[in-house]
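Note: the block below is work_24.json and it holds JSON, C-alpha atoms and all ligand atoms.
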```json
[["chain", "number", "residue", "atom", "x", "y", "z"],
["H", 81, "MET", "CA", 0.00, 0.00, 0.00],
["H", 82, "LYS", "CA", 1.24, 3.47, -0.85],
["H", 83, "ILE", "CA", 1.41, 6.13, 1.83],
["H", 84, "PHE", "CA", 0.59, 9.74, 1.01],
["H", 85, "ILE", "CA", 0.91, 12.65, 3.42],
["H", 86, "ASP", "CA", -2.29, 14.61, 4.01],
["H", 87, "SER", "CA", -0.79, 18.06, 4.52],
["H", 88, "ALA", "CA", 0.10, 21.27, 2.68],
["H", 89, "ASP", "CA", 3.01, 22.11, 4.97],
["H", 90, "PRO", "CA", 6.26, 21.80, 2.95],
["H", 91, "GLN", "CA", 8.41, 21.63, 6.12],
["H", 92, "LYS", "CA", 6.51, 18.73, 7.68],
["H", 93, "ILE", "CA", 6.36, 16.94, 4.31],
["H", 94, "GLY", "CA", 10.09, 17.42, 3.77],
["H", 95, "ARG", "CA", 10.93, 15.96, 7.20],
["H", 96, "LEU", "CA", 8.86, 12.86, 6.56],
["H", 97, "ALA", "CA", 9.95, 12.52, 2.92],
["H", 98, "ALA", "CA", 13.50, 11.99, 4.21],
["H", 99, "SER", "CA", 12.37, 8.53, 5.37],
["H", 100, "GLY", "CA", 11.87, 7.56, 1.72],
["H", 101, "LEU", "CA", 8.44, 6.25, 2.65],
["H", 102, "VAL", "CA", 6.26, 9.03, 1.27],
["H", 103, "ASP", "CA", 4.69, 8.10, -2.06],
["H", 104, "GLY", "CA", 2.62, 11.23, -2.59],
["H", 105, "VAL", "CA", 0.76, 14.14, -0.98],
["H", 106, "THR", "CA", -2.85, 15.28, -0.74],
["H", 107, "THR", "CA", -3.90, 18.85, 0.05],
["H", 108, "ASN", "CA", -7.20, 20.68, 0.34],
["H", 109, "PRO", "CA", -8.25, 24.30, 1.04],
["H", 110, "THR", "CA", -8.42, 23.64, 4.82],
["H", 111, "LEU", "CA", -4.89, 22.21, 4.87],
["H", 112, "MET", "CA", -3.73, 25.13, 2.73],
["H", 113, "LEU", "CA", -5.21, 27.57, 5.28],
["H", 114, "LYS", "CA", -3.34, 25.74, 8.09],
["H", 115, "ALA", "CA", -0.05, 25.91, 6.16],
["H", 116, "GLY", "CA", -0.53, 29.69, 5.73],
["H", 117, "LEU", "CA", 1.15, 29.81, 2.32],
["H", 118, "ARG", "CA", 0.00, 30.83, -1.14],
["H", 119, "GLN", "CA", -1.29, 27.70, -2.87],
["H", 120, "LYS", "CA", 1.06, 27.90, -5.83],
["H", 121, "ASP", "CA", 4.12, 28.46, -3.60],
["H", 122, "ALA", "CA", 3.25, 25.55, -1.30],
["H", 123, "ILE", "CA", 2.53, 23.18, -4.18],
["H", 124, "THR", "CA", 5.65, 24.00, -6.18],
["H", 125, "ARG", "CA", 7.78, 23.52, -3.05],
["H", 126, "ILE", "CA", 6.08, 20.19, -2.30],
["H", 127, "CYS", "CA", 6.44, 19.01, -5.90],
["H", 128, "ARG", "CA", 10.19, 19.64, -5.77],
["H", 129, "MET", "CA", 10.46, 17.19, -2.81],
["H", 130, "ILE", "CA", 7.90, 14.56, -3.79],
["H", 131, "ARG", "CA", 8.07, 12.68, -7.08],
["H", 132, "GLY", "CA", 4.71, 10.96, -6.66],
["H", 133, "PRO", "CA", 1.23, 12.42, -7.13],
["H", 134, "VAL", "CA", 0.43, 15.70, -5.34],
["H", 135, "SER", "CA", -3.31, 16.47, -5.18],
["H", 136, "VAL", "CA", -4.38, 20.10, -5.47],
["H", 137, "GLU", "CA", -7.95, 21.28, -4.90],
["H", 138, "GLY", "CA", -9.80, 24.35, -6.12],
["H", 139, "VAL", "CA", -13.24, 25.70, -5.21],
["H", 140, "GLY", "CA", -14.83, 26.04, -8.66],
["H", 141, "GLU", "CA", -18.53, 25.25, -8.75],
["H", 142, "THR", "CA", -19.01, 24.55, -12.47],
["H", 143, "ALA", "CA", -17.30, 21.90, -14.58],
["H", 144, "GLU", "CA", -15.93, 24.68, -16.77],
["H", 145, "GLN", "CA", -14.33, 26.48, -13.82],
["H", 146, "MET", "CA", -12.95, 23.20, -12.39],
["H", 147, "VAL", "CA", -11.34, 22.37, -15.74],
["H", 148, "LYS", "CA", -9.87, 25.87, -16.01],
["H", 149, "ASP", "CA", -8.45, 25.70, -12.46],
["H", 150, "GLY", "CA", -7.27, 22.13, -13.05],
["H", 151, "GLN", "CA", -5.32, 23.11, -16.15],
["H", 152, "GLU", "CA", -3.70, 25.94, -14.20],
["H", 153, "PHE", "CA", -2.73, 23.58, -11.30],
["H", 154, "ALA", "CA", -1.39, 20.98, -13.74],
["H", 155, "SER", "CA", 0.89, 23.61, -15.30],
["H", 156, "TRP", "CA", 2.72, 24.07, -11.94],
["H", 157, "ALA", "CA", 4.39, 20.64, -11.94],
["H", 158, "LYS", "CA", 4.07, 17.39, -13.85],
["H", 159, "ASN", "CA", 3.07, 15.33, -10.78],
["H", 160, "VAL", "CA", 0.07, 17.53, -9.90],
["H", 161, "VAL", "CA", -3.25, 15.68, -9.63],
["H", 162, "VAL", "CA", -6.43, 17.77, -9.68],
["H", 163, "LYS", "CA", -8.76, 17.13, -6.76],
["H", 164, "ILE", "CA", -12.40, 17.41, -7.79],
["H", 165, "PRO", "CA", -15.40, 17.29, -5.43],
["H", 166, "MET", "CA", -17.91, 14.51, -6.10],
["H", 167, "GLY", "CA", -21.02, 15.63, -7.99],
["H", 168, "GLN", "CA", -22.42, 15.99, -11.50],
["H", 169, "GLU", "CA", -20.32, 19.05, -12.35],
["H", 170, "GLY", "CA", -17.28, 17.43, -10.75],
["H", 171, "LEU", "CA", -17.55, 14.24, -12.81],
["H", 172, "LYS", "CA", -18.06, 16.26, -15.99],
["H", 173, "ALA", "CA", -14.78, 18.00, -15.15],
["H", 174, "VAL", "CA", -13.11, 14.62, -14.51],
["H", 175, "ARG", "CA", -14.03, 13.42, -18.01],
["H", 176, "ALA", "CA", -12.80, 16.64, -19.59],
["H", 177, "LEU", "CA", -9.51, 16.64, -17.65],
["H", 178, "ASN", "CA", -9.05, 12.96, -18.49],
["H", 179, "ARG", "CA", -9.29, 13.77, -22.20],
["H", 180, "LYS", "CA", -6.56, 16.38, -21.71],
["H", 181, "GLY", "CA", -4.32, 13.79, -20.00],
["H", 182, "ILE", "CA", -4.67, 15.44, -16.56],
["H", 183, "LYS", "CA", -5.00, 13.12, -13.56],
["H", 184, "THR", "CA", -7.87, 13.54, -11.10],
["H", 185, "ASN", "CA", -8.73, 12.63, -7.51],
["H", 186, "VAL", "CA", -12.47, 12.61, -6.79],
["H", 187, "THR", "CA", -12.86, 13.78, -3.21],
["H", 188, "LEU", "CA", -15.62, 13.91, -0.56],
["H", 189, "VAL", "CA", -16.78, 10.38, -1.41],
["H", 190, "PHE", "CA", -19.12, 8.83, 1.17],
["H", 191, "SER", "CA", -20.92, 6.01, -0.68],
["H", 192, "VAL", "CA", -20.28, 3.03, -2.95],
["H", 193, "ASN", "CA", -22.44, 4.59, -5.68],
["H", 194, "GLN", "CA", -20.38, 7.78, -5.65],
["H", 195, "ALA", "CA", -17.20, 5.70, -5.99],
["H", 196, "LEU", "CA", -18.79, 3.68, -8.82],
["H", 197, "LEU", "CA", -19.70, 6.84, -10.76],
["H", 198, "ALA", "CA", -16.26, 8.37, -10.19],
["H", 199, "ALA", "CA", -14.60, 5.24, -11.60],
["H", 200, "LYS", "CA", -16.95, 5.19, -14.60],
["H", 201, "ALA", "CA", -16.06, 8.87, -15.24],
["H", 202, "GLY", "CA", -12.40, 7.82, -15.44],
["H", 203, "ALA", "CA", -11.06, 9.24, -12.17],
["H", 204, "THR", "CA", -7.43, 8.33, -11.52],
["H", 205, "PHE", "CA", -8.07, 8.28, -7.75],
["H", 206, "VAL", "CA", -11.11, 8.27, -5.51],
["H", 207, "SER", "CA", -11.03, 9.46, -1.89],
["H", 208, "PRO", "CA", -13.52, 7.97, 0.58],
["H", 209, "PHE", "CA", -13.43, 9.99, 3.84],
["H", 210, "VAL", "CA", -13.44, 7.35, 6.57],
["H", 211, "GLY", "CA", -13.02, 9.60, 9.63],
["H", 212, "ARG", "CA", -15.94, 11.85, 8.72],
["H", 213, "LEU", "CA", -18.19, 8.80, 8.34],
["H", 214, "ASP", "CA", -17.06, 7.47, 11.73],
["H", 215, "ASP", "CA", -17.82, 10.94, 13.17],
["H", 216, "ILE", "CA", -21.51, 10.54, 12.29],
["H", 217, "GLY", "CA", -21.70, 7.01, 13.70],
["H", 218, "GLU", "CA", -21.16, 5.14, 10.42],
["H", 219, "ASN", "CA", -18.33, 2.75, 9.56],
["H", 220, "GLY", "CA", -15.84, 4.42, 7.19],
["H", 221, "MET", "CA", -13.66, 1.36, 6.73],
["H", 222, "LYS", "CA", -16.65, -0.77, 5.75],
["H", 223, "LEU", "CA", -17.18, 1.66, 2.86],
["H", 224, "VAL", "CA", -13.56, 1.17, 1.77],
["H", 225, "GLU", "CA", -13.99, -2.62, 1.79],
["H", 226, "GLU", "CA", -17.17, -2.30, -0.30],
["H", 227, "ILE", "CA", -15.56, 0.04, -2.84],
["H", 228, "MET", "CA", -12.60, -2.35, -3.20],
["H", 229, "GLN", "CA", -15.03, -5.19, -3.86],
["H", 230, "VAL", "CA", -16.94, -3.24, -6.53],
["H", 231, "TYR", "CA", -13.74, -2.10, -8.25],
["H", 232, "ARG", "CA", -12.49, -5.70, -8.27],
["H", 233, "ASN", "CA", -15.81, -6.95, -9.68],
["H", 234, "TYR", "CA", -15.47, -4.73, -12.75],
["H", 235, "GLY", "CA", -11.71, -4.34, -13.05],
["H", 236, "PHE", "CA", -11.79, -0.55, -12.58],
["H", 237, "ARG", "CA", -8.33, 0.99, -12.63],
["H", 238, "THR", "CA", -9.26, 3.90, -10.35],
["H", 239, "GLN", "CA", -7.11, 3.76, -7.21],
["H", 240, "VAL", "CA", -8.65, 4.12, -3.77],
["H", 241, "ILE", "CA", -7.10, 6.69, -1.43],
["H", 242, "VAL", "CA", -8.31, 6.17, 2.14],
["H", 243, "ALA", "CA", -8.71, 9.76, 3.37],
["H", 244, "SER", "CA", -9.84, 11.55, 6.55],
["H", 245, "VAL", "CA", -7.56, 9.19, 8.48],
["H", 246, "ARG", "CA", -7.80, 9.79, 12.22],
["H", 247, "SER", "CA", -5.62, 7.04, 13.73],
["H", 248, "GLU", "CA", -2.87, 4.50, 13.08],
["H", 249, "ALA", "CA", -5.63, 1.85, 13.26],
["H", 250, "HIS", "CA", -7.28, 3.39, 10.18],
["H", 251, "VAL", "CA", -4.02, 2.92, 8.24],
["H", 252, "ALA", "CA", -3.69, -0.73, 9.29],
["H", 253, "GLN", "CA", -7.34, -1.34, 8.38],
["H", 254, "ALA", "CA", -6.84, 0.32, 4.99],
["H", 255, "ALA", "CA", -3.95, -2.06, 4.30],
["H", 256, "LYS", "CA", -6.01, -5.07, 5.42],
["H", 257, "ALA", "CA", -8.83, -3.97, 3.10],
["H", 258, "GLY", "CA", -6.33, -3.89, 0.21],
["H", 259, "ALA", "CA", -6.75, -0.14, -0.43],
["H", 260, "HIS", "CA", -4.18, 1.18, -2.91],
["H", 261, "ILE", "CA", -3.24, 4.20, -0.79],
["H", 262, "ALA", "CA", -3.82, 5.79, 2.63],
["H", 263, "THR", "CA", -3.30, 9.52, 2.97],
["H", 264, "VAL", "CA", -2.06, 10.12, 6.48],
["H", 265, "PRO", "CA", -1.70, 13.32, 8.56],
["H", 266, "PRO", "CA", 1.99, 13.87, 9.52],
["H", 267, "GLU", "CA", 1.36, 13.31, 13.26],
["H", 268, "ILE", "CA", -0.20, 9.91, 12.58],
["H", 269, "LEU", "CA", 2.59, 8.80, 10.25],
["H", 270, "GLU", "CA", 5.11, 9.71, 12.97],
["H", 271, "LYS", "CA", 3.23, 7.50, 15.45],
["H", 272, "MET", "CA", 3.27, 4.56, 13.01],
["H", 273, "PHE", "CA", 7.01, 4.11, 13.59],
["H", 274, "LEU", "CA", 6.49, 3.62, 17.31],
["H", 275, "HIS", "CA", 5.45, 0.90, 19.76],
["H", 276, "PRO", "CA", 6.07, 1.11, 23.54],
["H", 277, "LEU", "CA", 7.79, -2.30, 23.48],
["H", 278, "THR", "CA", 10.19, -1.13, 20.75],
["H", 279, "GLU", "CA", 11.26, 1.91, 22.81],
["H", 280, "LYS", "CA", 11.50, -0.23, 25.97],
["H", 281, "GLY", "CA", 13.54, -2.88, 24.11],
["H", 282, "ILE", "CA", 15.99, -0.32, 22.73],
["H", 283, "ALA", "CA", 16.53, 1.18, 26.21],
["H", 284, "LYS", "CA", 17.16, -2.28, 27.71],
["H", 285, "PHE", "CA", 19.64, -3.30, 24.97],
["H", 286, "LYS", "CA", 21.52, -0.04, 25.48],
["H", 287, "GLU", "CA", 21.61, -0.58, 29.26],
["H", 288, "ASP", "CA", 22.88, -4.16, 28.86],
["H", 289, "TRP", "CA", 25.44, -3.10, 26.25],
["H", 290, "ASP", "CA", 26.85, -0.48, 28.65],
["H", 291, "ALA", "CA", 26.87, -2.99, 31.55],
["H", 292, "ALA", "CA", 28.65, -5.59, 29.40],
["H", 293, "LYS", "CA", 31.29, -3.06, 28.40],
["H", 294, "LYS", "CA", 31.93, -2.18, 32.04],
["H", 295, "GLY", "CA", 32.35, -5.86, 32.93],
["H", 296, "GLN", "CA", 34.87, -6.49, 30.13],
["H", 297, "LYS", "CA", 38.60, -6.40, 30.88],
["H", 301, "LIG", "O1", -7.58, 14.78, 2.22],
["H", 301, "LIG", "C1", -8.70, 15.27, 2.84],
["H", 301, "LIG", "C2", -9.13, 14.50, 4.05],
["H", 301, "LIG", "O2", -8.15, 13.63, 4.47],
["H", 301, "LIG", "C3", -9.69, 15.39, 5.12],
["H", 301, "LIG", "O3", -9.64, 14.84, 6.40],
["H", 301, "LIG", "O4", -9.66, 15.11, 8.85],
["H", 301, "LIG", "O5", -10.57, 16.96, 7.40],
["H", 301, "LIG", "O6", -11.81, 14.81, 7.67],
["H", 301, "LIG", "P1", -10.46, 15.47, 7.64]]
```
Can you present the structure in this file as C-alpha cells?
Ligand code: G3P
Amino acid sequence: MKIFIDSADPQKIGRLAASGLVDGVTTNPTLMLKAGLRQKDAITRICRMIRGPVSVEGVGETAEQMVKDGQEFASWAKNVVVKIPMGQEGLKAVRALNRKGIKTNVTLVFSVNQALLAAKAGATFVSPFVGRLDDIGENGMKLVEEIMQVYRNYGFRTQVIVASVRSEAHVAQAAKAGAHIATVPPEILEKMFLHPLTEKGIAKFKEDWDAAKKGQK
C-alpha cells in the first residue's frame, strides 16, 4: 500500500519525505489555510520534494471552472493531480480533464455509488473519507472494503485513497482492506514508527550493552 501525506506544509512533508516512505501528498483548502502559504508556492515547493502524485484542490462550482483551475494547477508541476469534489459538475470536469491527460482525484466520497460513478467517469483516484463517516456514527472502513469489492468486480483501474484518516488503526485497516493508498496526517505517520515495546527494548539493549562493556577487561 502506498502512503501519502495529508498536509500542505512543505516543512513537515520534507521531514517525513527523508524517510523515503512518502509516495505522494494530498492537500485541500483547509490544509492550505493551516499551512498559511500561497497555494502555488506551497505546491511548487512540495512538488520539488515529492516525485509521486500531489493532489491540489480548487473551489470552482461549475465543470468549466474546475477544468480551467485544473489546467492551471497541472501547469505548476508534472506530478500535480487535480482534486475534484464529487457531484455531477465534478464528474463532468473529470471526463474533460481525463481527455486532456490530466490526472484527477475525486474527493468527498461517502458512498459506494459515488465511488462507482467516479470510476466510470475515469477518475485516476477516488477518496472515501473514513473519519468523517465514523464521526456521524457510520463505519468508514466498511465503505472502503465495499468500494474495493466493486472495483475488483469490474476491473476498474481507479485507485482508492483512504482519506480523513484519524488514527494508526485506520491505516492498518486500509492495508487489510487492500486499499491502494492511505493519505495520512503527519502526526499519525510519525506514530506509526512507534510501539512502547520497541522503545523499551531499545533502552534495555543499550543498558545491557553499557553494563557488558563495564564488565569487560
Ligand atoms: O484529504 C482530505 C481529508 O483527508 C480530510 O480529512 O480530517 O478533514 O476529515 P479530515
Select, from H:Gly217, H:Gly281, H:Pro208, H:Gly94, the residue with the minimum atom-to-atom distance to ligand LIG 301 (chain H), counting all atoms listed in the file.
->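 Distance minimum relative to ligand LIG 301 (chain H) lands on H:Pro208.
CA of Val210 (chain H) sits 6.2 Å away from CA of Ala243 (chain H).
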So which residues are close to (1.1, 3.7, -3.3), meaning at most 6 Å away in the file's coordinates with only C-alpha atoms counted, and can you show them as a ChimeraX atom specification?
-> /H:81-83,103,260-261
Using all atoms listed in the file, find each residue with an atom at most 8 Å away from ligand LIG 301 (chain H) and format the answer as a list in words.
->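 Taking all atoms listed in the file into account, the residues around ligand LIG 301 (chain H) at most 8 Å away are Asp86, Ser87, Thr106, Thr107, Asn108, Thr110, Thr187, Leu188, Ser207, Phe209, Val210, Gly211, Arg212, Val242, Ala243, Ser244, Val245, Arg246, Thr263, Val264 and Pro265 of chain H.
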d(CA of Ala198 (chain H), CA of Asp149 (chain H)) in Å = 19.1 Å
Using only C-alpha atoms: which of H:Val224, H:Ala203, H:Ile282, H:Met129 has the shortest distance to Val102 (chain H) |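 Checking each of H:Val224, H:Ala203, H:Ile282, H:Met129 against Val102 (chain H), counting only C-alpha atoms, the winner is H:Met129.
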Polymer residues at most 9 Å from Lys163 (chain H), all atoms listed in the file, same-chain spacing of 3 or more positions, as a list in words |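 The residues satisfying every condition are Thr106, Thr107, Asn108, Ser135, Val136, Glu137, Gly138, Gly150, Lys183, Thr184, Asn185, Val186, Thr187 and Phe205 of chain H.
When CA of Lys222 (chain H) is paired with CA of Gln239 (chain H), their separation reads 16.7 Å.
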Edge lengths and centre in Å to one decimal, as AutoDock Vina command-line options, of the axis-aligned box that encloses all listed atoms of region 212-223 of chain H with 3 Å added on every side?
```
--center_x -17.7 --center_y 5.5 --center_z 8.3 --size_x 14.0 --size_y 18.6 --size_z 16.8
```
Would you list the contacts of Gln168 (chain H) as a PyMOL selection string, taking every protein, DNA or RNA residue within 10 Å and counting all atoms listed in the file, but skipping same-chain residues closer than 2 positions in sequence?
-> chain H and resi 142-143+165-166+170-174+197-198
When distances are computed from only C-alpha atoms, which of H:Leu277, H:Ile130, H:Val139, H:Leu177 shows the smallest separation from Gln151 (chain H)?
->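 Nearest candidate to Gln151 (chain H) out of H:Leu277, H:Ile130, H:Val139, H:Leu177: H:Leu177.
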For Ala257 (chain H), the nearest of the candidates H:Gln91, H:Thr238, H:Gln229, H:Thr278, counting all atoms listed in the file =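 So, comparing all the options, the nearest one is H:Gln229.
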H:Leu196, H:Ala283, H:Ala154, H:Ala249: which is nearest Lys271 (chain H), counting all atoms listed in the file?
->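 Going through H:Leu196, H:Ala283, H:Ala154, H:Ala249 one by one, the smallest distance to Lys271 (chain H) is for H:Ala249.
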Among the residues H:Val192, H:Gly104, H:Ala88, H:Glu279, the one that comes closest to Leu117 (chain H) [using all atoms listed in the file] |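 Looking only at the distances to Leu117 (chain H), the closest residue turns out to be H:Ala88.
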